[in-house]
$ cat model_8.txt   # compact mmCIF, C-alpha atoms
# COMPACT_ATOMS: atom_id res chain seq x y z
CA MET A 1 -31.71 38.87 22.33
CA LEU A 2 -28.94 41.23 23.57
CA ILE A 3 -29.11 43.13 26.87
CA SER A 4 -27.46 46.53 26.63
CA LYS A 5 -25.02 47.97 29.19
CA ALA A 6 -27.56 50.70 29.95
CA ILE A 7 -30.08 48.12 31.12
CA LEU A 8 -27.47 46.22 33.14
CA HIS A 9 -26.51 49.38 35.05
CA SER A 10 -30.08 50.63 35.46
CA PRO A 11 -31.31 50.96 39.11
CA ASN A 12 -34.24 48.75 38.11
CA ASN A 13 -32.11 46.30 36.17
CA GLY A 14 -33.42 43.24 38.04
CA ARG A 15 -37.07 43.88 37.12
CA THR A 16 -36.10 44.97 33.60
CA ILE A 17 -34.08 41.82 32.85
CA LEU A 18 -36.83 39.63 34.35
CA ALA A 19 -39.39 41.29 32.07
CA LEU A 20 -37.13 40.79 29.06
CA ARG A 21 -36.64 37.13 29.99
CA GLN A 22 -40.38 36.56 30.33
CA ASN A 23 -40.91 38.25 27.00
CA LEU A 24 -38.32 35.98 25.40
CA LEU A 25 -39.96 32.87 26.86
CA SER A 26 -43.40 33.94 25.65
CA ARG A 27 -42.01 34.26 22.12
CA SER A 28 -40.38 30.81 22.26
CA THR A 29 -41.76 28.23 19.85
CA CYS A 30 -40.92 25.42 22.25
CA ALA A 31 -42.98 26.01 25.38
CA VAL A 32 -43.33 23.23 27.93
CA ALA A 33 -46.84 21.83 28.18
CA PRO A 34 -48.04 21.46 31.81
CA ALA A 35 -48.32 17.95 33.23
CA ALA A 36 -51.77 16.54 33.79
CA ALA A 37 -52.92 16.53 37.41
CA GLY A 38 -52.02 13.31 39.25
CA SER A 39 -49.86 12.02 36.39
CA ALA A 40 -46.14 11.79 35.68
CA GLN A 41 -44.47 14.77 34.01
CA ASN A 42 -45.84 15.12 30.48
CA ASN A 43 -43.17 14.36 27.90
CA ASN A 44 -44.87 16.36 25.14
CA ILE A 45 -43.40 19.78 24.46
CA ALA A 46 -45.35 22.14 22.27
CA GLY A 47 -43.66 22.61 18.94
CA CYS A 48 -41.07 19.93 19.69
CA SER A 49 -40.80 16.20 19.21
CA ARG A 50 -39.14 13.54 21.34
CA PRO A 51 -38.57 9.85 20.69
CA SER A 52 -41.68 7.88 21.58
CA HIS A 53 -39.85 5.61 24.02
CA TYR A 54 -39.36 8.56 26.40
CA SER A 55 -43.08 8.48 27.16
CA THR A 56 -42.83 5.05 28.77
CA ILE A 57 -39.22 4.79 29.89
CA ASN A 58 -37.98 7.53 32.18
CA SER A 59 -34.88 5.95 33.72
CA PRO A 60 -31.65 6.26 31.69
CA ASN A 61 -30.61 2.89 33.13
CA HIS A 62 -33.85 1.09 32.22
CA PRO A 63 -32.74 -2.08 30.36
CA THR A 64 -34.92 -1.37 27.34
CA GLN A 65 -33.62 2.16 26.99
CA ARG A 66 -30.03 0.99 27.41
CA GLN A 67 -30.60 -1.53 24.58
CA GLN A 68 -32.09 1.18 22.38
CA ARG A 69 -29.19 3.54 23.09
CA ASN A 70 -26.65 0.79 22.46
CA GLN A 71 -28.35 -0.16 19.17
CA HIS A 72 -28.40 3.50 18.15
CA ASP A 73 -24.68 3.84 18.89
CA ASN A 74 -23.87 0.56 17.14
CA ASN A 75 -25.76 1.75 14.06
CA ASN A 76 -23.83 5.02 14.12
CA ASN A 77 -20.58 3.12 14.56
CA ASN A 78 -21.35 0.91 11.57
CA ASN A 79 -22.14 3.95 9.45
CA LYS A 80 -18.90 5.80 10.20
CA ASN A 81 -16.90 7.13 7.28
CA THR A 82 -13.92 4.80 7.08
CA ALA A 83 -11.85 7.62 5.60
CA THR A 84 -11.63 9.15 9.08
CA HIS A 85 -12.38 6.25 11.45
CA LYS A 86 -10.86 2.83 11.99
CA ALA A 87 -13.28 0.03 11.25
CA ALA A 88 -13.22 -3.75 11.41
CA PRO A 89 -12.40 -6.17 9.93
CA PHE A 90 -8.70 -5.60 10.55
CA SER A 91 -5.87 -7.38 8.80
CA THR A 92 -3.97 -9.87 10.93
CA SER A 93 -0.23 -10.10 10.69
CA PRO A 94 1.89 -12.28 12.97
CA SER A 95 4.93 -10.22 11.99
CA PHE A 96 3.24 -6.94 13.02
CA ASP A 97 2.03 -8.49 16.26
CA ALA A 98 5.60 -9.56 16.98
CA LEU A 99 6.72 -6.00 16.21
CA VAL A 100 4.27 -4.55 18.75
CA GLN A 101 5.32 -7.16 21.32
CA SER A 102 8.97 -6.23 20.85
CA LYS A 103 8.16 -2.65 21.88
CA PHE A 104 5.44 -3.34 24.46
CA PRO A 105 5.74 -6.93 25.75
CA GLY A 106 2.43 -8.41 26.86
CA ALA A 107 0.23 -5.98 24.94
CA ILE A 108 -3.01 -7.51 23.67
CA SER A 109 -5.47 -6.50 20.96
CA ASN A 110 -8.56 -4.50 21.88
CA THR A 111 -10.74 -7.48 20.98
CA ALA A 112 -8.82 -9.77 23.33
CA LEU A 113 -8.87 -7.06 26.00
CA VAL A 114 -12.66 -6.80 26.04
CA THR A 115 -13.01 -10.59 26.20
CA LYS A 116 -10.47 -11.01 29.00
CA VAL A 117 -11.70 -8.09 31.10
CA THR A 118 -15.35 -9.15 30.87
CA ALA A 119 -14.46 -12.76 31.77
CA ALA A 120 -12.20 -11.72 34.65
CA LEU A 121 -14.83 -9.46 36.20
CA SER A 122 -17.55 -12.09 35.72
CA SER A 123 -15.42 -14.70 37.49
CA ARG A 124 -15.31 -12.46 40.57
CA ASN A 125 -19.09 -11.89 40.53
CA PHE A 126 -18.71 -8.29 39.41
CA ALA A 127 -21.91 -6.66 38.15
CA PRO A 128 -22.82 -7.74 34.59
CA PRO A 129 -22.18 -5.28 31.74
CA THR A 130 -25.91 -4.44 31.57
CA LYS A 131 -25.64 -3.03 35.11
CA THR A 132 -22.20 -1.47 34.69
CA LEU A 133 -21.50 2.12 33.69
CA LEU A 134 -18.44 2.46 31.47
CA ALA A 135 -16.24 5.46 32.25
CA THR A 136 -12.97 6.42 30.56
CA SER A 137 -10.09 8.77 31.15
CA LEU A 138 -8.37 8.72 27.78
CA CYS A 139 -6.79 11.37 25.57
CA ALA A 140 -8.89 13.80 23.56
CA ASP A 141 -7.30 12.39 20.37
CA GLU A 142 -9.90 10.74 18.12
CA LEU A 143 -7.72 7.62 18.02
CA SER A 144 -8.57 7.04 21.68
CA ARG A 145 -12.23 6.59 20.75
CA THR A 146 -11.31 3.26 19.15
CA LEU A 147 -10.88 1.64 22.57
CA GLU A 148 -14.20 3.06 23.77
CA ALA A 149 -15.85 1.71 20.63
CA ALA A 150 -14.47 -1.75 21.38
CA PHE A 151 -16.20 -1.79 24.79
CA LEU A 152 -19.42 -0.16 23.53
CA PRO A 153 -21.26 -3.33 22.36
CA ALA A 154 -20.98 -4.85 25.84
CA TYR A 155 -21.17 -1.82 28.11
CA GLY A 156 -22.83 0.93 26.10
CA PRO A 157 -21.79 4.60 25.87
CA ASN A 158 -19.15 5.84 28.28
CA PHE A 159 -18.76 8.76 30.66
CA HIS A 160 -15.74 10.90 29.74
CA LEU A 161 -13.31 11.91 32.50
CA GLY A 162 -10.17 12.44 30.43
CA GLY A 163 -8.40 15.28 28.71
CA LEU A 164 -5.03 15.75 27.00
CA SER A 165 -2.71 12.74 27.30
CA GLY A 166 -5.47 10.89 29.18
CA PHE A 167 -5.19 12.73 32.50
CA PRO A 168 -8.51 12.70 34.42
CA PHE A 169 -9.01 16.44 34.15
CA ALA A 170 -12.73 16.13 34.97
CA GLY A 171 -11.40 15.75 38.49
CA ASN A 172 -13.37 15.25 41.68
CA THR A 173 -16.44 16.95 40.26
CA GLY A 174 -16.46 14.76 37.16
CA PHE A 175 -15.96 11.59 39.20
CA GLY A 176 -18.85 12.56 41.48
CA ALA A 177 -21.12 13.19 38.51
CA MET A 178 -20.08 9.88 36.97
CA ALA A 179 -20.76 7.98 40.21
CA ALA A 180 -24.26 9.45 40.37
CA HIS A 181 -24.98 7.86 36.98
CA ILE A 182 -24.12 4.32 38.09
CA PRO A 183 -27.20 2.09 38.43
CA ASP A 184 -28.23 1.84 42.10
CA ASP A 185 -27.47 -1.88 42.26
CA GLY A 186 -24.74 -1.72 39.64
CA ALA A 187 -21.07 -0.94 39.20
CA CYS A 188 -18.60 1.09 37.17
CA LEU A 189 -15.74 0.00 34.93
CA LEU A 190 -13.26 2.86 34.60
CA ILE A 191 -10.56 2.63 31.92
CA HIS A 192 -7.67 5.06 32.03
CA GLY A 193 -4.22 5.64 30.66
CA PRO A 194 -2.13 7.50 28.07
CA HIS A 195 -1.73 6.45 24.46
CA VAL A 196 1.14 6.06 22.04
CA GLY A 197 1.34 5.36 18.33
CA ILE A 198 3.34 2.79 16.43
CA THR A 199 3.68 2.74 12.65
CA LYS A 200 3.61 -0.35 10.46
CA ASP A 201 7.41 -0.04 10.31
CA GLY A 202 7.71 -0.04 14.12
CA ILE A 203 8.35 3.65 14.79
CA VAL A 204 7.05 4.43 18.30
CA GLY A 205 5.50 7.85 18.87
CA LYS A 206 4.20 8.06 15.31
CA VAL A 207 1.12 6.61 13.60
CA GLU A 208 -0.61 6.49 10.22
CA ARG A 209 -3.95 8.27 10.48
CA PRO A 210 -6.94 7.62 8.21
CA GLY A 211 -7.08 10.20 5.42
CA VAL A 212 -3.77 11.85 6.40
CA ALA A 213 -0.87 11.44 3.98
CA ASN A 214 1.98 12.10 6.42
CA VAL A 215 2.81 9.91 9.39
CA ASP A 216 1.72 11.89 12.45
CA THR A 217 2.87 12.29 16.05
CA CYS A 218 0.97 10.26 18.63
CA CYS A 219 0.50 11.46 21.33
CA GLY A 220 1.11 15.11 20.43
CA SER A 221 0.44 16.36 23.95
CA ALA A 222 2.81 13.77 25.41
CA VAL A 223 5.59 14.63 22.98
CA ALA A 224 5.18 18.34 23.75
CA ALA A 225 5.50 17.53 27.45
CA SER A 226 8.57 15.42 26.71
CA ASN A 227 10.15 18.34 24.87
CA TYR A 228 9.38 20.57 27.85
CA LEU A 229 11.27 18.13 30.09
CA LYS A 230 14.20 18.20 27.67
CA GLY A 231 14.23 21.98 27.95
CA ILE A 232 14.25 21.81 31.75
CA HIS A 233 17.13 19.33 31.62
CA ASP A 234 19.30 21.28 29.16
CA GLY A 235 18.49 24.70 30.63
CA THR A 236 16.50 26.13 27.72
CA ALA A 237 13.24 26.12 29.71
CA THR A 238 12.32 26.92 33.31
CA VAL A 239 9.91 25.22 35.67
CA THR A 240 6.75 27.20 36.28
CA SER A 241 3.81 26.33 38.51
CA SER A 242 1.73 29.32 37.46
CA LEU A 243 -1.58 28.74 35.68
CA ARG A 244 -1.26 29.03 31.93
CA SER A 245 -3.90 30.79 29.91
CA PHE A 246 -7.30 29.13 29.92
CA THR A 247 -6.87 28.43 26.20
CA ASP A 248 -4.11 25.89 26.96
CA PHE A 249 -4.21 25.12 30.67
CA GLN A 250 -4.50 21.34 30.19
CA GLN A 251 -1.18 21.14 28.36
CA GLY A 252 0.46 23.20 31.09
CA ALA A 253 -0.89 20.74 33.65
CA VAL A 254 0.35 17.72 31.65
CA GLN A 255 3.87 19.14 31.62
CA GLU A 256 3.99 19.93 35.33
CA LEU A 257 2.36 16.65 36.36
CA LEU A 258 4.86 14.68 34.26
CA LEU A 259 7.87 16.56 35.65
CA PRO A 260 8.37 14.44 38.84
CA PHE A 261 8.30 11.24 36.73
CA GLY A 262 10.42 12.44 33.84
CA ASN A 263 13.96 11.98 35.15
CA ARG A 264 14.04 8.41 33.84
CA LEU A 265 13.58 9.75 30.30
CA GLU A 266 16.73 11.88 30.46
CA LYS A 267 18.81 8.80 31.24
CA LEU A 268 17.81 7.03 28.02
CA ASP A 269 19.90 6.94 24.86
CA GLY A 270 18.00 7.56 21.64
CA GLU A 271 14.59 8.92 20.71
CA GLU A 272 13.02 5.47 20.27
CA LYS A 273 13.72 4.45 23.84
CA ARG A 274 12.42 7.81 25.05
CA MET A 275 9.17 7.47 23.11
CA THR A 276 8.71 3.90 24.35
CA GLN A 277 9.19 4.88 28.01
CA LEU A 278 7.25 8.16 27.81
CA PRO A 279 3.77 6.55 28.13
CA TYR A 280 4.93 4.62 31.22
CA ALA A 281 6.03 7.87 32.87
CA LEU A 282 2.71 9.45 31.95
CA TYR A 283 0.84 6.46 33.35
CA ASP A 284 2.65 6.74 36.69
CA ALA A 285 1.76 10.44 36.87
CA GLN A 286 -1.87 9.69 36.03
CA GLU A 287 -2.07 6.90 38.63
CA VAL A 288 -1.29 9.38 41.41
CA MET A 289 -4.01 11.74 40.21
CA MET A 290 -6.54 8.95 39.64
CA ASN A 291 -5.96 7.41 43.08
CA ASP A 292 -6.45 10.81 44.72
CA ILE A 293 -9.74 11.28 42.85
CA ILE A 294 -10.99 7.82 43.80
CA GLU A 295 -10.10 8.41 47.45
CA ALA A 296 -11.98 11.72 47.46
CA GLY A 297 -15.02 10.30 45.65
CA LYS A 298 -15.27 6.77 47.04
CA GLY A 299 -18.43 7.67 48.92
CA GLY A 300 -20.24 7.68 45.57
CA ILE A 301 -19.32 4.10 44.63
CA LYS A 302 -22.48 2.02 44.36
CA LYS A 303 -23.27 -1.45 45.69
CA GLY A 304 -21.68 -3.28 42.76
CA GLY A 305 -18.29 -1.65 43.27
CA LEU A 306 -15.72 -0.11 40.96
CA ALA A 307 -13.23 -1.76 38.61
CA ILE A 308 -10.19 0.20 37.44
CA LEU A 309 -8.51 -0.91 34.21
CA GLY A 310 -5.27 1.01 33.77
CA GLY A 311 -2.71 0.76 31.04
CA ILE A 312 -1.34 2.14 27.80
CA GLN A 313 -3.29 2.43 24.58
CA ILE A 314 -1.21 1.51 21.56
CA ASN A 315 -2.65 3.04 18.41
CA THR A 316 -1.79 1.52 15.04
CA GLY A 317 -2.58 2.35 11.43
CA PRO A 318 -6.05 2.21 9.83
CA GLU A 319 -5.75 -1.40 8.66
CA THR A 320 -4.59 -3.01 11.92
CA GLU A 321 -6.25 -3.38 15.29
CA ASP A 322 -5.12 -1.31 18.26
CA TYR A 323 -3.45 -2.85 21.31
CA PHE A 324 -3.52 -2.24 25.07
CA LYS A 325 -0.73 -2.84 27.58
CA VAL A 326 -2.57 -3.71 30.80
CA LEU A 327 -0.86 -2.42 33.94
CA ARG A 328 -3.72 -2.68 36.41
CA LEU A 329 -7.15 -4.27 36.91
CA ASP A 330 -8.33 -3.68 40.46
CA CYS A 331 -11.75 -4.17 42.01
CA TYR A 332 -13.01 -1.85 44.74
CA ASP A 333 -15.94 -2.56 47.01
CA GLU A 334 -18.67 -0.03 47.76
CA ASN A 335 -16.54 1.37 50.60
CA GLY A 336 -13.71 2.23 48.23
CA GLU A 337 -11.38 -0.54 49.40
CA VAL A 338 -9.41 -2.67 46.92
CA VAL A 339 -10.69 -6.24 47.30
CA ALA A 340 -9.08 -7.95 44.32
CA SER A 341 -6.33 -7.49 41.76
CA LEU A 342 -7.10 -9.27 38.49
CA LEU A 343 -3.99 -8.33 36.54
CA GLU A 344 -2.80 -11.94 36.40
CA ASP A 345 -6.15 -12.95 34.89
CA ILE A 346 -5.44 -10.64 31.95
CA ILE A 347 -1.76 -11.18 31.25
CA GLN A 348 -1.63 -14.97 31.67

$ encode --input "model_8.txt" --output "structure tokens"
Amino acid sequence: MLISKAILHSPNNGRTILALRQNLLSRSTCAVAPAAAGSAQNNNIAGCSRPSHYSTINSPNHPTQRQQRNQHDNNNNNNKNTATHKAAPFSTSPSFDALVQSKFPGAISNTALVTKVTAALSSRNFAPPTKTLLATSLCADELSRTLEAAFLPAYGPNFHLGGLSGFPFAGNTGFGAMAAHIPDDGACLLIHGPHVGITKDGIVGKVERPGVANVDTCCGSAVAASNYLKGIHDGTATVTSSLRSFTDFQQGAVQELLLPFGNRLEKLDGEEKRMTQLPYALYDAQEVMMNDIIEAGKGGIKKGGLAILGGIQINTGPETEDYFKVLRLDCYDENGEVVASLLEDIIQ
């Protein structure tokens, strides 16, 4: 229902709009049924249907509901169209693994990552996955969902903090909202970092995408930011700290946030070296932002603490598993203090 300018500027506009709103609600086919006296809020809504388990399980962190949600997501994951999503089983190739290692030494497969991270946290008496909220700050690119899907069977659905290139653009507000969703006696595992592609032929900064004939740029936002830095260096672009239009403000932020860490890229010879070092520069920029957000929001960390897994996602073609270059695995206590660094547990 539209409200005309005449009504908005009417001296009685408040009462008029209220009457229109009440009229709209009375015409709704989905009116809320009142709760019975002395009982919990009724879950039945007239004209609507809700899953039956909502009538007995109200907490989103109730174990049974978490199992049902995880099973639902696993079923959806199994039913994905493999023309547009990566799906196991993946082919294994020692030669391709060696190729990835030559570009990103120490990188491990997503499967190995989940196993090692879960074991490392368990060895330090970190909260079990069933009491841990998974949060991520990864790029908006659909290829980044592959890493989240790898952790889903153990930890369930994740809270999204990331935007272009993986920067935590949800910011302080997003971190506070995420912290409020952590089980009261539980913890949070937060995974963050940029991503980069590598083709089956070893070209860094490119990747084969499911259903796409041409080899594509990965990460597009990162490469655009790299080109911006080139322009600053050769004089064809100028530094600007002004807010870009709201239709592209994230990319503007990526470029300016990368700028202080980009000098190393201009000293490299060749595009391959630049594309290989670009995600490291992005990671360093993101670490500063992430640490500031954690410091501002540490009051929301729950009893079980916070684990930060930082690194670089390495996306590969549809037939091979993705990799992750771990650069950080730190555990924070409920006061926001780092109490353990588990990086050696992962890379050994």

$ closest_residue --input "model_8.txt" --among "A:Pro89, A:Gly235, A:Gly156, A:Gly193" --to "A:Val326" --atoms "all atoms listed in the file"
A:Gly193

$ atom_distance --input "model_8.txt" --atom1 "atom CA of A:Asn110" --atom2 "atom CA of A:Tyr323"
5.4 Å

$ closest_residue --input "model_8.txt" --among "A:Ala149, A:Val204, A:Ala120, A:Ala222" --to "A:Tyr283" --atoms "all atoms listed in the file"
A:Ala222

$ residues_around --input "model_8.txt" --residues "A:Ala150" --least-positions-apart "3" --cutoff "12 Å" --atoms "only C-alpha atoms" --output "PDB file with C-alpha atoms, in the coordinates of the input"
ATOM      1  CA  ASP A  73     -24.680   3.840  18.890  1.00  0.00           C
ATOM      2  CA  ASN A  74     -23.870   0.560  17.140  1.00  0.00           C
ATOM      3  CA  ASN A  77     -20.580   3.120  14.560  1.00  0.00           C
ATOM      4  CA  LYS A  86     -10.860   2.830  11.990  1.00  0.00           C
ATOM      5  CA  ALA A  87     -13.280   0.030  11.250  1.00  0.00           C
ATOM      6  CA  ALA A  88     -13.220  -3.750  11.410  1.00  0.00           C
ATOM      7  CA  SER A 109      -5.470  -6.500  20.960  1.00  0.00           C
ATOM      8  CA  ASN A 110      -8.560  -4.500  21.880  1.00  0.00           C
ATOM      9  CA  THR A 111     -10.740  -7.480  20.980  1.00  0.00           C
ATOM     10  CA  ALA A 112      -8.820  -9.770  23.330  1.00  0.00           C
ATOM     11  CA  LEU A 113      -8.870  -7.060  26.000  1.00  0.00           C
ATOM     12  CA  VAL A 114     -12.660  -6.800  26.040  1.00  0.00           C
ATOM     13  CA  THR A 115     -13.010 -10.590  26.200  1.00  0.00           C
ATOM     14  CA  VAL A 117     -11.700  -8.090  31.100  1.00  0.00           C
ATOM     15  CA  LEU A 134     -18.440   2.460  31.470  1.00  0.00           C
ATOM     16  CA  SER A 144      -8.570   7.040  21.680  1.00  0.00           C
ATOM     17  CA  ARG A 145     -12.230   6.590  20.750  1.00  0.00           C
ATOM     18  CA  THR A 146     -11.310   3.260  19.150  1.00  0.00           C
ATOM     19  CA  LEU A 147     -10.880   1.640  22.570  1.00  0.00           C
ATOM     20  CA  PRO A 153     -21.260  -3.330  22.360  1.00  0.00           C
ATOM     21  CA  ALA A 154     -20.980  -4.850  25.840  1.00  0.00           C
ATOM     22  CA  TYR A 155     -21.170  -1.820  28.110  1.00  0.00           C
ATOM     23  CA  GLY A 156     -22.830   0.930  26.100  1.00  0.00           C
ATOM     24  CA  PRO A 157     -21.790   4.600  25.870  1.00  0.00           C
ATOM     25  CA  ASN A 158     -19.150   5.840  28.280  1.00  0.00           C
ATOM     26  CA  GLU A 321      -6.250  -3.380  15.290  1.00  0.00           C
ATOM     27  CA  ASP A 322      -5.120  -1.310  18.260  1.00  0.00           C
ATOM     28  CA  TYR A 323      -3.450  -2.850  21.310  1.00  0.00           C
ATOM     29  CA  PHE A 324      -3.520  -2.240  25.070  1.00  0.00           C
TER      30      PHE A 324
END

$ residues_near_point --input "model_8.txt" --point "(10.7, 25.1, 36.4)" --cutoff "12 Å" --atoms "all atoms listed in the file" --output "VMD selection string"
chain A and resid 228 to 242 252 255 to 257 259 to 260

$ write_last_selection --input "model_8.txt" --atoms "C-alpha atoms" --output "short mmCIF file (atom, residue, chain, number, x, y, z; two decimals), in the coordinates of the input"
data_model
loop_
_atom_site.label_atom_id
_atom_site.label_comp_id
_atom_site.auth_asym_id
_atom_site.auth_seq_id
_atom_site.Cartn_x
_atom_site.Cartn_y
_atom_site.Cartn_z
CA TYR A 228 9.38 20.57 27.85
CA LEU A 229 11.27 18.13 30.09
CA LYS A 230 14.20 18.20 27.67
CA GLY A 231 14.23 21.98 27.95
CA ILE A 232 14.25 21.81 31.75
CA HIS A 233 17.13 19.33 31.62
CA ASP A 234 19.30 21.28 29.16
CA GLY A 235 18.49 24.70 30.63
CA THR A 236 16.50 26.13 27.72
CA ALA A 237 13.24 26.12 29.71
CA THR A 238 12.32 26.92 33.31
CA VAL A 239 9.91 25.22 35.67
CA THR A 240 6.75 27.20 36.28
CA SER A 241 3.81 26.33 38.51
CA SER A 242 1.73 29.32 37.46
CA GLY A 252 0.46 23.20 31.09
CA GLN A 255 3.87 19.14 31.62
CA GLU A 256 3.99 19.93 35.33
CA LEU A 257 2.36 16.65 36.36
CA LEU A 259 7.87 16.56 35.65
CA PRO A 260 8.37 14.44 38.84
#

$ atom_distance --input "model_8.txt" --atom1 "atom CA of A:Leu306" --atom2 "atom CA of A:Gly174"
15.4 Å

$ closest_residue --input "model_8.txt" --among "A:Asp216, A:Glu295, A:Gly305, A:Phe167" --to "A:Pro279" --atoms "only C-alpha atoms"
A:Phe167

$ closest_residue --input "model_8.txt" --among "A:Leu164, A:Leu329, A:Leu190, A:Ala179" --to "A:Asp141" --atoms "all atoms listed in the file"
A:Leu164

$ closest_residue --input "model_8.txt" --among "A:Val100, A:Ile301, A:Ala213, A:Ala140" --to "A:Gln250" --atoms "all atoms listed in the file"
A:Ala140

$ atom_distance --input "model_8.txt" --atom1 "atom CA of A:Leu121" --atom2 "atom CA of A:Phe90"
26.7 Å
